[in-house]
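Visitor: What follows is structure.cif, mmCIF, C-alpha atoms.
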data_data
loop_
_atom_site.label_atom_id
_atom_site.label_comp_id
_atom_site.auth_asym_id
_atom_site.auth_seq_id
_atom_site.Cartn_x
_atom_site.Cartn_y
_atom_site.Cartn_z
CA MET A 1 0.00 0.00 0.00
CA ALA A 2 1.16 3.53 -0.75
CA THR A 3 -0.03 6.85 0.59
CA PHE A 4 -1.41 9.31 -1.94
CA GLU A 5 -2.04 13.04 -1.48
CA VAL A 6 -5.21 14.29 -3.13
CA PHE A 7 -5.65 17.73 -4.68
CA LEU A 8 -8.90 19.08 -5.98
CA LYS A 9 -9.56 21.97 -8.31
CA LYS A 10 -12.90 23.71 -8.18
CA ASP A 11 -14.69 24.72 -11.29
CA GLY A 12 -13.40 27.96 -12.85
CA ARG A 13 -10.12 29.69 -12.18
CA ASP A 14 -9.45 28.43 -8.66
CA GLU A 15 -6.15 26.69 -8.07
CA PHE A 16 -5.70 23.04 -7.02
CA ARG A 17 -5.94 22.66 -3.25
CA HIS A 18 -4.90 19.84 -0.98
CA VAL A 19 -8.00 18.05 0.33
CA GLY A 20 -6.63 14.94 2.01
CA ALA A 21 -4.78 11.70 1.64
CA LEU A 22 -5.59 8.04 1.16
CA GLU A 23 -3.91 4.67 1.01
CA ALA A 24 -4.15 2.49 -2.08
CA ALA A 25 -2.32 -0.39 -3.69
CA THR A 26 -2.09 1.08 -7.19
CA ASP A 27 -2.31 4.44 -8.98
CA GLU A 28 -5.55 3.34 -10.64
CA LEU A 29 -7.16 2.34 -7.36
CA ALA A 30 -6.01 5.62 -5.80
CA ALA A 31 -7.78 7.48 -8.61
CA VAL A 32 -11.13 5.67 -8.30
CA LEU A 33 -11.09 5.90 -4.50
CA ALA A 34 -10.18 9.61 -4.59
CA ARG A 35 -13.00 10.20 -7.05
CA GLU A 36 -15.59 8.66 -4.73
CA SER A 37 -14.07 9.93 -1.47
CA TYR A 38 -13.39 13.55 -2.40
CA ALA A 39 -15.35 14.45 -5.53
CA ARG A 40 -18.59 12.44 -5.43
CA ARG A 41 -20.65 15.57 -4.73
CA ALA A 42 -18.95 17.52 -7.52
CA GLU A 43 -16.77 19.37 -5.00
CA GLY A 44 -14.41 20.03 -7.90
CA ASP A 45 -13.97 19.27 -11.54
CA ARG A 46 -10.33 18.12 -11.58
CA LEU A 47 -8.28 15.80 -9.37
CA TRP A 48 -4.54 15.51 -8.93
CA ILE A 49 -3.34 12.44 -7.04
CA VAL A 50 0.31 12.36 -6.04
CA ARG A 51 2.24 9.56 -4.38
CA ARG A 52 3.52 10.98 -1.11
CA THR A 53 6.99 9.66 -1.95
CA ASN A 54 6.94 11.90 -5.03
CA VAL A 55 6.35 15.03 -2.99
CA ILE A 56 9.65 16.90 -2.63
CA ASP A 57 9.95 17.90 1.02
CA PRO A 58 13.30 19.56 1.83
CA GLY A 59 12.37 19.63 5.53
CA GLU A 60 11.51 22.26 8.11
CA GLU A 61 15.07 23.49 8.60
CA PHE A 62 15.25 24.32 4.92
CA VAL A 63 12.90 27.31 5.19
CA LEU A 64 12.98 28.07 8.93
CA PRO A 65 15.87 30.62 8.80
CA ASN A 66 13.73 32.86 6.57
CA ALA A 67 11.32 33.39 9.44
CA ASP A 68 13.78 35.79 11.06
CA LYS A 69 14.22 38.47 8.35
CA PRO A 70 11.89 41.33 9.25
CA HIS A 71 13.76 43.66 6.89
CA ARG A 72 12.27 41.69 3.99
CA HIS A 73 8.72 42.45 5.03
CA HIS A 74 7.62 45.30 2.80
CA ASP A 75 4.31 46.35 4.21
CA GLY A 76 4.85 49.98 3.11
CA ALA A 77 3.98 51.40 6.55
CA ALA A 78 7.26 53.27 7.01
CA VAL A 79 7.11 54.82 3.53
CA ALA A 80 3.47 55.75 3.97
CA ALA A 81 4.21 57.43 7.31
CA ARG A 82 7.11 59.42 5.81
CA ARG A 83 4.98 60.59 2.85
CA LYS A 84 2.17 61.57 5.15
CA ALA A 85 4.57 63.60 7.29
CA ALA A 86 5.99 65.26 4.14
CA ARG A 87 2.48 66.21 2.95
CA ALA A 88 1.66 67.66 6.37
CA ALA A 89 4.88 69.71 6.32
CA GLN A 90 3.99 71.21 2.91
CA THR A 91 0.62 72.57 4.04
CA MET B 1 -46.99 8.21 -23.56
CA THR B 2 -48.37 5.00 -22.16
CA LEU B 3 -46.41 1.77 -21.92
CA GLY B 4 -47.67 -1.67 -22.86
CA THR B 5 -47.89 -4.17 -19.99
CA GLY B 6 -44.81 -5.99 -21.26
CA THR B 7 -42.69 -2.88 -21.66
CA ARG B 8 -43.73 -1.65 -18.23
CA SER B 9 -42.71 -4.98 -16.73
CA TYR B 10 -39.38 -4.85 -18.60
CA LEU B 11 -38.56 -1.40 -17.22
CA LEU B 12 -39.72 -2.34 -13.72
CA ALA B 13 -37.36 -5.33 -13.79
CA PHE B 14 -34.46 -2.99 -14.48
CA ALA B 15 -35.63 -0.47 -11.85
CA ASP B 16 -36.03 -3.23 -9.23
CA ASP B 17 -32.58 -4.64 -9.99
CA GLU B 18 -31.04 -1.17 -9.66
CA HIS B 19 -32.95 -0.51 -6.46
CA LEU B 20 -31.95 -3.74 -4.74
CA ILE B 21 -28.31 -3.78 -5.87
CA GLY B 22 -28.03 -0.13 -4.74
CA GLN B 23 -29.34 -1.11 -1.33
CA GLN B 24 -26.99 -4.11 -1.12
CA HIS B 25 -23.96 -1.94 -1.95
CA THR B 26 -24.87 0.83 0.49
CA GLU B 27 -25.20 -1.73 3.31
CA TRP B 28 -21.38 -1.96 3.25
CA ILE B 29 -21.03 1.55 4.66
CA GLY B 30 -19.03 1.26 7.87
CA VAL B 31 -18.11 -2.41 7.35
CA ALA B 32 -16.23 -2.42 4.04
CA PRO B 33 -12.57 -3.47 4.38
CA PHE B 34 -11.25 0.10 4.58
CA LEU B 35 -12.57 3.65 4.90
CA GLU B 36 -12.22 4.80 1.29
CA GLU B 37 -13.94 1.63 0.13
CA ASP B 38 -16.83 2.35 2.51
CA LEU B 39 -17.31 5.65 0.73
CA ALA B 40 -16.65 4.40 -2.78
CA PHE B 41 -18.93 1.36 -2.61
CA SER B 42 -21.77 3.29 -0.96
CA SER B 43 -21.37 6.10 -3.46
CA ILE B 44 -21.68 3.59 -6.30
CA GLY B 45 -24.74 2.15 -4.55
CA GLN B 46 -26.25 5.64 -4.44
CA ASP B 47 -25.72 5.97 -8.19
CA GLU B 48 -27.69 2.76 -8.69
CA LEU B 49 -30.46 4.02 -6.40
CA GLY B 50 -30.54 7.18 -8.51
CA HIS B 51 -30.95 5.12 -11.68
CA ALA B 52 -33.75 3.15 -10.00
CA ALA B 53 -35.56 6.35 -9.00
CA MET B 54 -35.35 7.71 -12.55
CA LEU B 55 -36.63 4.44 -14.03
CA TYR B 56 -39.52 4.38 -11.53
CA GLU B 57 -40.27 7.98 -12.54
CA ILE B 58 -40.48 7.00 -16.21
CA VAL B 59 -42.86 4.14 -15.33
CA LEU B 60 -45.06 6.41 -13.18
CA ASP B 61 -45.10 9.08 -15.84
CA ALA B 62 -46.28 6.53 -18.39
CA ASP B 63 -48.91 5.33 -15.90
CA GLY B 64 -50.24 8.89 -15.76
CA VAL B 65 -49.19 9.27 -12.12
CA LEU B 66 -47.28 12.40 -11.09
CA PRO B 67 -43.85 11.15 -10.00
CA ASP B 68 -43.04 12.62 -6.58
CA ASP B 69 -41.39 11.24 -3.45
CA ALA B 70 -44.59 9.57 -2.25
CA THR B 71 -45.51 7.87 -5.52
CA ILE B 72 -41.91 6.78 -6.23
CA ASP B 73 -41.63 5.38 -2.69
CA ALA B 74 -44.92 3.54 -3.11
CA LEU B 75 -43.66 1.88 -6.30
CA ALA B 76 -40.20 1.19 -4.90
CA TYR B 77 -41.14 -0.01 -1.39
CA ARG B 78 -44.81 -0.83 -1.13
CA ARG B 79 -45.63 -3.32 -3.83
CA ASN B 80 -46.43 -6.92 -2.99
CA ALA B 81 -43.36 -9.14 -3.17
CA ALA B 82 -44.91 -11.03 -6.10
CA ASP B 83 -45.08 -7.82 -8.14
CA TYR B 84 -41.33 -7.16 -8.03
CA ARG B 85 -39.28 -8.30 -11.03
CA SER B 86 -35.82 -8.38 -9.46
CA CYS B 87 -33.36 -11.19 -10.26
CA LEU B 88 -31.75 -13.64 -7.84
CA LEU B 89 -28.32 -11.99 -8.06
CA VAL B 90 -29.52 -8.68 -6.59
CA GLU B 91 -31.69 -10.32 -3.93
CA TYR B 92 -28.88 -12.56 -2.71
CA ARG B 93 -27.78 -11.79 0.84
CA THR B 94 -24.07 -11.89 1.51
CA ASP B 95 -21.81 -10.82 4.35
CA ASP B 96 -18.74 -11.85 2.38
CA TRP B 97 -16.78 -8.97 0.86
CA ALA B 98 -15.37 -11.12 -1.97
CA THR B 99 -18.90 -12.10 -2.98
CA ALA B 100 -20.08 -8.49 -2.85
CA LEU B 101 -17.15 -7.42 -5.02
CA VAL B 102 -17.62 -10.18 -7.61
CA ARG B 103 -21.35 -9.43 -7.73
CA HIS B 104 -20.51 -5.74 -8.25
CA TRP B 105 -18.32 -6.65 -11.23
CA LEU B 106 -20.84 -9.11 -12.72
CA TYR B 107 -23.85 -6.88 -12.24
CA ASP B 108 -22.19 -3.77 -13.66
CA THR B 109 -20.81 -5.64 -16.67
CA VAL B 110 -24.34 -6.72 -17.53
CA GLU B 111 -25.85 -3.40 -16.49
CA GLN B 112 -23.75 -1.49 -18.98
CA ALA B 113 -24.98 -3.82 -21.71
CA ARG B 114 -28.57 -3.31 -20.56
CA TRP B 115 -28.26 0.48 -20.84
CA GLY B 116 -26.75 -0.01 -24.28
CA LEU B 117 -29.90 -1.85 -25.36
CA ILE B 118 -32.16 1.09 -24.48
CA GLU B 119 -30.05 4.08 -25.46
CA GLY B 120 -32.03 4.40 -28.66
CA SER B 121 -35.33 3.90 -26.85
CA SER B 122 -38.62 5.33 -28.03
CA VAL B 123 -39.82 5.98 -24.45
CA ASP B 124 -39.67 9.62 -23.31
CA GLY B 125 -36.55 10.31 -21.26
CA LEU B 126 -35.28 6.74 -21.37
CA ALA B 127 -32.62 7.19 -24.05
CA GLU B 128 -31.18 10.22 -22.21
CA LEU B 129 -31.15 8.30 -18.94
CA ALA B 130 -29.43 5.35 -20.63
CA VAL B 131 -26.61 7.54 -21.96
CA HIS B 132 -26.19 9.28 -18.58
CA ALA B 133 -26.23 6.00 -16.64
CA ALA B 134 -23.89 4.16 -19.01
CA ARG B 135 -21.30 6.88 -18.43
CA GLU B 136 -21.54 6.30 -14.67
CA GLU B 137 -21.27 2.55 -15.19
CA SER B 138 -17.89 2.93 -16.83
CA PHE B 139 -16.63 4.41 -13.53
CA HIS B 140 -18.29 1.65 -11.50
CA ARG B 141 -16.56 -0.93 -13.66
CA LEU B 142 -13.26 0.90 -13.33
CA HIS B 143 -13.65 0.65 -9.55
CA ALA B 144 -14.41 -3.08 -9.58
CA ASP B 145 -11.60 -3.79 -12.05
CA ALA B 146 -9.03 -1.73 -10.14
CA LEU B 147 -9.75 -3.76 -6.98
CA LEU B 148 -9.80 -7.09 -8.81
CA ASP B 149 -6.54 -6.26 -10.64
CA VAL B 150 -4.81 -6.11 -7.27
CA LEU B 151 -6.65 -8.84 -5.40
CA LEU B 152 -6.42 -11.50 -8.11
CA GLN B 153 -2.63 -11.32 -7.88
CA ASP B 154 -2.71 -12.40 -4.25
CA THR B 155 -3.06 -16.17 -3.78
CA ALA B 156 -5.36 -16.10 -0.76
CA ALA B 157 -7.52 -13.28 -2.16
CA ARG B 158 -7.73 -15.02 -5.53
CA ARG B 159 -9.00 -18.18 -3.85
CA ARG B 160 -11.74 -16.21 -2.07
CA ILE B 161 -12.72 -14.39 -5.25
CA LEU B 162 -12.99 -17.57 -7.29
CA ALA B 163 -15.03 -19.20 -4.51
CA ALA B 164 -17.34 -16.18 -4.66
CA LEU B 165 -17.68 -16.55 -8.43
CA CYS B 166 -18.67 -20.22 -7.95
CA ARG B 167 -21.21 -19.19 -5.32
CA LEU B 168 -22.75 -16.62 -7.66
CA GLU B 169 -22.59 -18.69 -10.84
CA PRO B 170 -26.14 -20.10 -10.66
CA ARG B 171 -27.43 -16.55 -10.18
CA ILE B 172 -25.63 -15.12 -13.22
CA LEU B 173 -27.92 -17.10 -15.51
CA ASP B 174 -30.90 -15.43 -13.91
CA LEU B 175 -29.44 -11.97 -14.57
CA ILE B 176 -29.19 -12.59 -18.31
CA ALA B 177 -32.30 -14.76 -18.66
CA PRO B 178 -35.19 -13.44 -20.77
CA ILE B 179 -36.86 -10.60 -18.86
CA PRO B 180 -40.65 -10.57 -18.50
CA GLY B 181 -41.98 -8.24 -21.19
CA GLU B 182 -38.68 -8.14 -23.06
CA ALA B 183 -40.11 -9.41 -26.35
CA GLU B 184 -42.76 -6.68 -26.30
CA ALA B 185 -40.17 -4.04 -25.37
CA VAL B 186 -38.04 -5.06 -28.34
CA ALA B 187 -41.04 -5.10 -30.68
CA ALA B 188 -42.09 -1.64 -29.46
CA GLY B 189 -38.63 -0.15 -30.08
CA VAL B 190 -37.99 0.39 -26.37
CA ALA B 191 -35.01 -1.96 -26.47
CA THR B 192 -32.88 -2.91 -29.44
CA GLY B 193 -32.17 -6.47 -28.37
CA ARG B 194 -32.43 -9.21 -25.76
CA ILE B 195 -30.08 -9.44 -22.81
CA CYS B 196 -29.68 -13.22 -23.24
CA ASP B 197 -27.79 -12.51 -26.47
CA PHE B 198 -25.11 -10.93 -24.27
CA ALA B 199 -24.25 -14.39 -22.80
CA PRO B 200 -21.27 -15.18 -25.10
CA GLU B 201 -19.78 -11.73 -24.46
CA LEU B 202 -20.25 -12.16 -20.72
CA GLU B 203 -18.65 -15.61 -20.81
CA ALA B 204 -15.64 -14.12 -22.61
CA ALA B 205 -15.45 -11.21 -20.15
CA ILE B 206 -15.53 -13.60 -17.16
CA ARG B 207 -12.79 -15.73 -18.74
CA ALA B 208 -10.63 -12.66 -19.38
CA ARG B 209 -11.22 -11.25 -15.90
CA PHE B 210 -11.08 -14.32 -13.66
CA GLY B 211 -9.24 -16.82 -15.85
CA VAL B 212 -11.99 -19.41 -15.48
CA SER B 213 -14.80 -20.54 -17.74
CA VAL B 214 -18.46 -20.27 -16.86
CA ASP B 215 -21.04 -21.91 -19.08
CA LEU B 216 -23.98 -19.57 -19.58
CA SER B 217 -25.49 -21.40 -22.52
CA THR B 218 -27.21 -24.20 -20.60
CA GLY B 219 -29.85 -24.31 -17.94
CA GLU B 220 -31.52 -21.09 -19.06
CA PRO B 221 -34.14 -20.59 -16.37
CA GLY B 222 -36.58 -18.72 -18.62
CA THR B 223 -38.78 -15.82 -17.64
CA GLU B 224 -40.35 -17.61 -14.67
CA SER B 225 -37.32 -16.91 -12.51
CA ARG B 226 -38.09 -13.20 -12.13
CA LEU B 227 -41.70 -13.87 -11.29
CA ALA B 228 -40.97 -15.32 -7.85
CA ARG B 229 -38.90 -13.87 -5.03
CA SER B 230 -36.08 -15.74 -3.32
CA ALA B 231 -35.92 -16.32 0.45
CA ASP B 232 -33.56 -13.34 0.78
CA PHE B 233 -36.09 -10.85 -0.58
CA ASP B 234 -38.35 -10.37 2.46
CA PRO B 235 -35.54 -9.71 4.96
CA LEU B 236 -33.94 -7.30 2.47
CA MET B 237 -37.20 -5.41 1.95
CA SER B 238 -37.78 -5.25 5.74
CA ARG B 239 -34.38 -3.63 6.18
CA MET B 240 -35.18 -1.19 3.40
CA ARG B 241 -38.55 -0.29 4.92
CA GLU B 242 -37.28 -0.15 8.47
CA VAL B 243 -37.08 3.63 8.73
CA LEU B 244 -40.13 4.27 6.53
CA ASP B 245 -42.17 2.01 8.82
CA PHE B 246 -41.33 4.07 11.92
CA ASP B 247 -43.90 6.54 10.70
CA PRO B 248 -45.62 5.58 7.43
CA ALA B 249 -47.43 8.95 7.29
CA ALA B 250 -44.27 11.06 7.63
CA THR B 251 -43.25 13.43 4.87
CA TRP B 252 -39.56 13.01 4.05
#
Could you take the file, read its structure, and then write that structure out as structure tokens?

Guide:
Amino acid sequence: MATFEVFLKKDGRDEFRHVGALEAATDELAAVLARESYARRAEGDRLWIVRRTNVIDPGEEFVLPNADKPHRHHDGAAVAARRKAARAAQT
Amino acid sequence: MTLGTGTRSYLLAFADDEHLIGQQHTEWIGVAPFLEEDLAFSSIGQDELGHAAMLYEIVLDADGVLPDDATIDALAYRRNAADYRSCLLVEYRTDDWATALVRHWLYDTVEQARWGLIEGSSVDGLAELAVHAAREESFHRLHADALLDVLLQDTAARRRILAALCRLEPRILDLIAPIPGEAEAVAAGVATGRICDFAPELEAAIRARFGVSVDLSTGEPGTESRLARSADFDPLMSRMREVLDFDPAATW
């Protein structure tokens, strides 16, 4: 048995989203079981089924250091405050 | 349009088969071998119940009765046992998963052929239903085949599956036996052929699928077989009516 991750795309321009996982012996069985388990009420119009072993997971440590770089967060607040102050000084 | 007695009986036989097999499949919810199969098998059962409801609707419409929940329920659940036209295969009670799976494969293989026979039907709405249902059947068959592909490779599972096929063999004949009213349905342009002519194709399909030969050319039971109910019918119908009977006057 292999574990498969199931992605579903809703009708229209929505992107594929992860909806769950299942175990199956073959790709074909994974597809028919995903169809009945996740899309039987037309929750979406496309399915992607991916073997979990085919998902590239570089691990938590791979991205964790990027959590500590506040200088990369451009929310524009500092610039907006400076422009507001400049406008106030002009009037 | 009205239906001749024979044609009505022919369509009721199909509706009753769909109704009972749908019920049999959905009874596996919660007890199928694994969770996804619970959902898949019950979902397939619901498809069959949907086909049954639409066939009952066509019959009621032709009877001049407005098809609504009450009239469909009356036709589906409240007839006398003798008036049903179901076959032995769909009435058969089993608690064995291998038997349920083999029956699923056998029934759907024949069901797809049955829809094929009425997709050019002259009855209002029937041809459209046949095309719609046949498309669903291809997924049902994909499901049964995907499971059997895996299980038939395992020695112990293969033994159980072949034992199930032996158990069901006498009931396969009944599924493809002449259906009451079939001759009239063919003459009236409701169906383009007889299901018994599908026997050689079914034999070949069984050989290709299970690697064993089943002889469907002998012992044809004739139309009488669908005119009487087997011992499994009454308990099955009681289970089906169980909730309805809590309050027969309730509106659902």

Visitor: Using only C-alpha atoms, find which residues of chain A lie within 10 Å of chain B and jot them down as a PyMOL selection string.

Guide: chain A and resi 22-38+40-41

Visitor: Translate the PyMOL selection byres ((chain B and resi 10-22) around 9), as applied to the file shown, into an explicit residue set as a PyMOL selection string.

Guide: chain B and resi 5-9+23-27+42+44-56+58-59+76+84-87+89-91+104+107+111+114+179-182+184-185+226+236-237

Visitor: Kindly give the distance, in Å, that separates atom CA of Val50 of chain A and atom CA of Glu5 of chain A, rounded to a single decimal.

Guide: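 Rounded to one decimal, the two atoms are 5.2 Å apart.
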
Visitor: Of the residues B:Ala199, B:Ala81, B:Ala177, B:Val102, which is the one nearest to Ala164 of chain B, using all atoms listed in the file?

Guide: B:Val102

Visitor: Using Å and a single decimal, report how far atom CA of Asp95 of chain B sits from atom CA of Pro33 of chain B.

Guide: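 For atom CA of Pro33 of chain B relative to atom CA of Asp95 of chain B, the distance reads 11.8 Å.
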
Visitor: Write out as a list of chain:residue names which residues come within 7 Å of Leu47 of chain A when counting all atoms listed in the file, dropping same-chain ones fewer than 3 positions away.

Guide: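 Here the answer would be A:Phe7, A:Leu8, A:Lys9.
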
Visitor: Have a look at B:Ala134, B:Leu126, B:Ala188, B:Cys166 and name the one nearest to Asp61 of chain B; count all atoms listed in the file.

Guide: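 Among the listed residues, the smallest separation from Asp61 of chain B belongs to B:Leu126.
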
Visitor: Expressed in Å to a single decimal, how great is the separation between atom CA of Ser138 of chain B and atom CA of Ala205 of chain B?

Guide: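 We find that atom CA of Ser138 of chain B and atom CA of Ala205 of chain B lie 14.7 Å from each other.
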
Visitor: Residues at most 12 Å from Val55 of chain A, counting all atoms listed in the file, excluding those fewer than 6 positions away in the same chain, as a JSON list (two decimals) with C-alpha atoms, keeping the file's coordinate frame?

Guide:
[["chain", "number", "residue", "atom", "x", "y", "z"],
["A", 3, "THR", "CA", -0.03, 6.85, 0.59],
["A", 4, "PHE", "CA", -1.41, 9.31, -1.94],
["A", 5, "GLU", "CA", -2.04, 13.04, -1.48],
["A", 6, "VAL", "CA", -5.21, 14.29, -3.13],
["A", 49, "ILE", "CA", -3.34, 12.44, -7.04]]

Visitor: Calculated over all atoms listed in the file, which of the candidates A:Asp68, A:Glu43, A:Asp75, A:Glu61 has the smallest distance to Phe16 of chain A?

Guide: A:Glu43
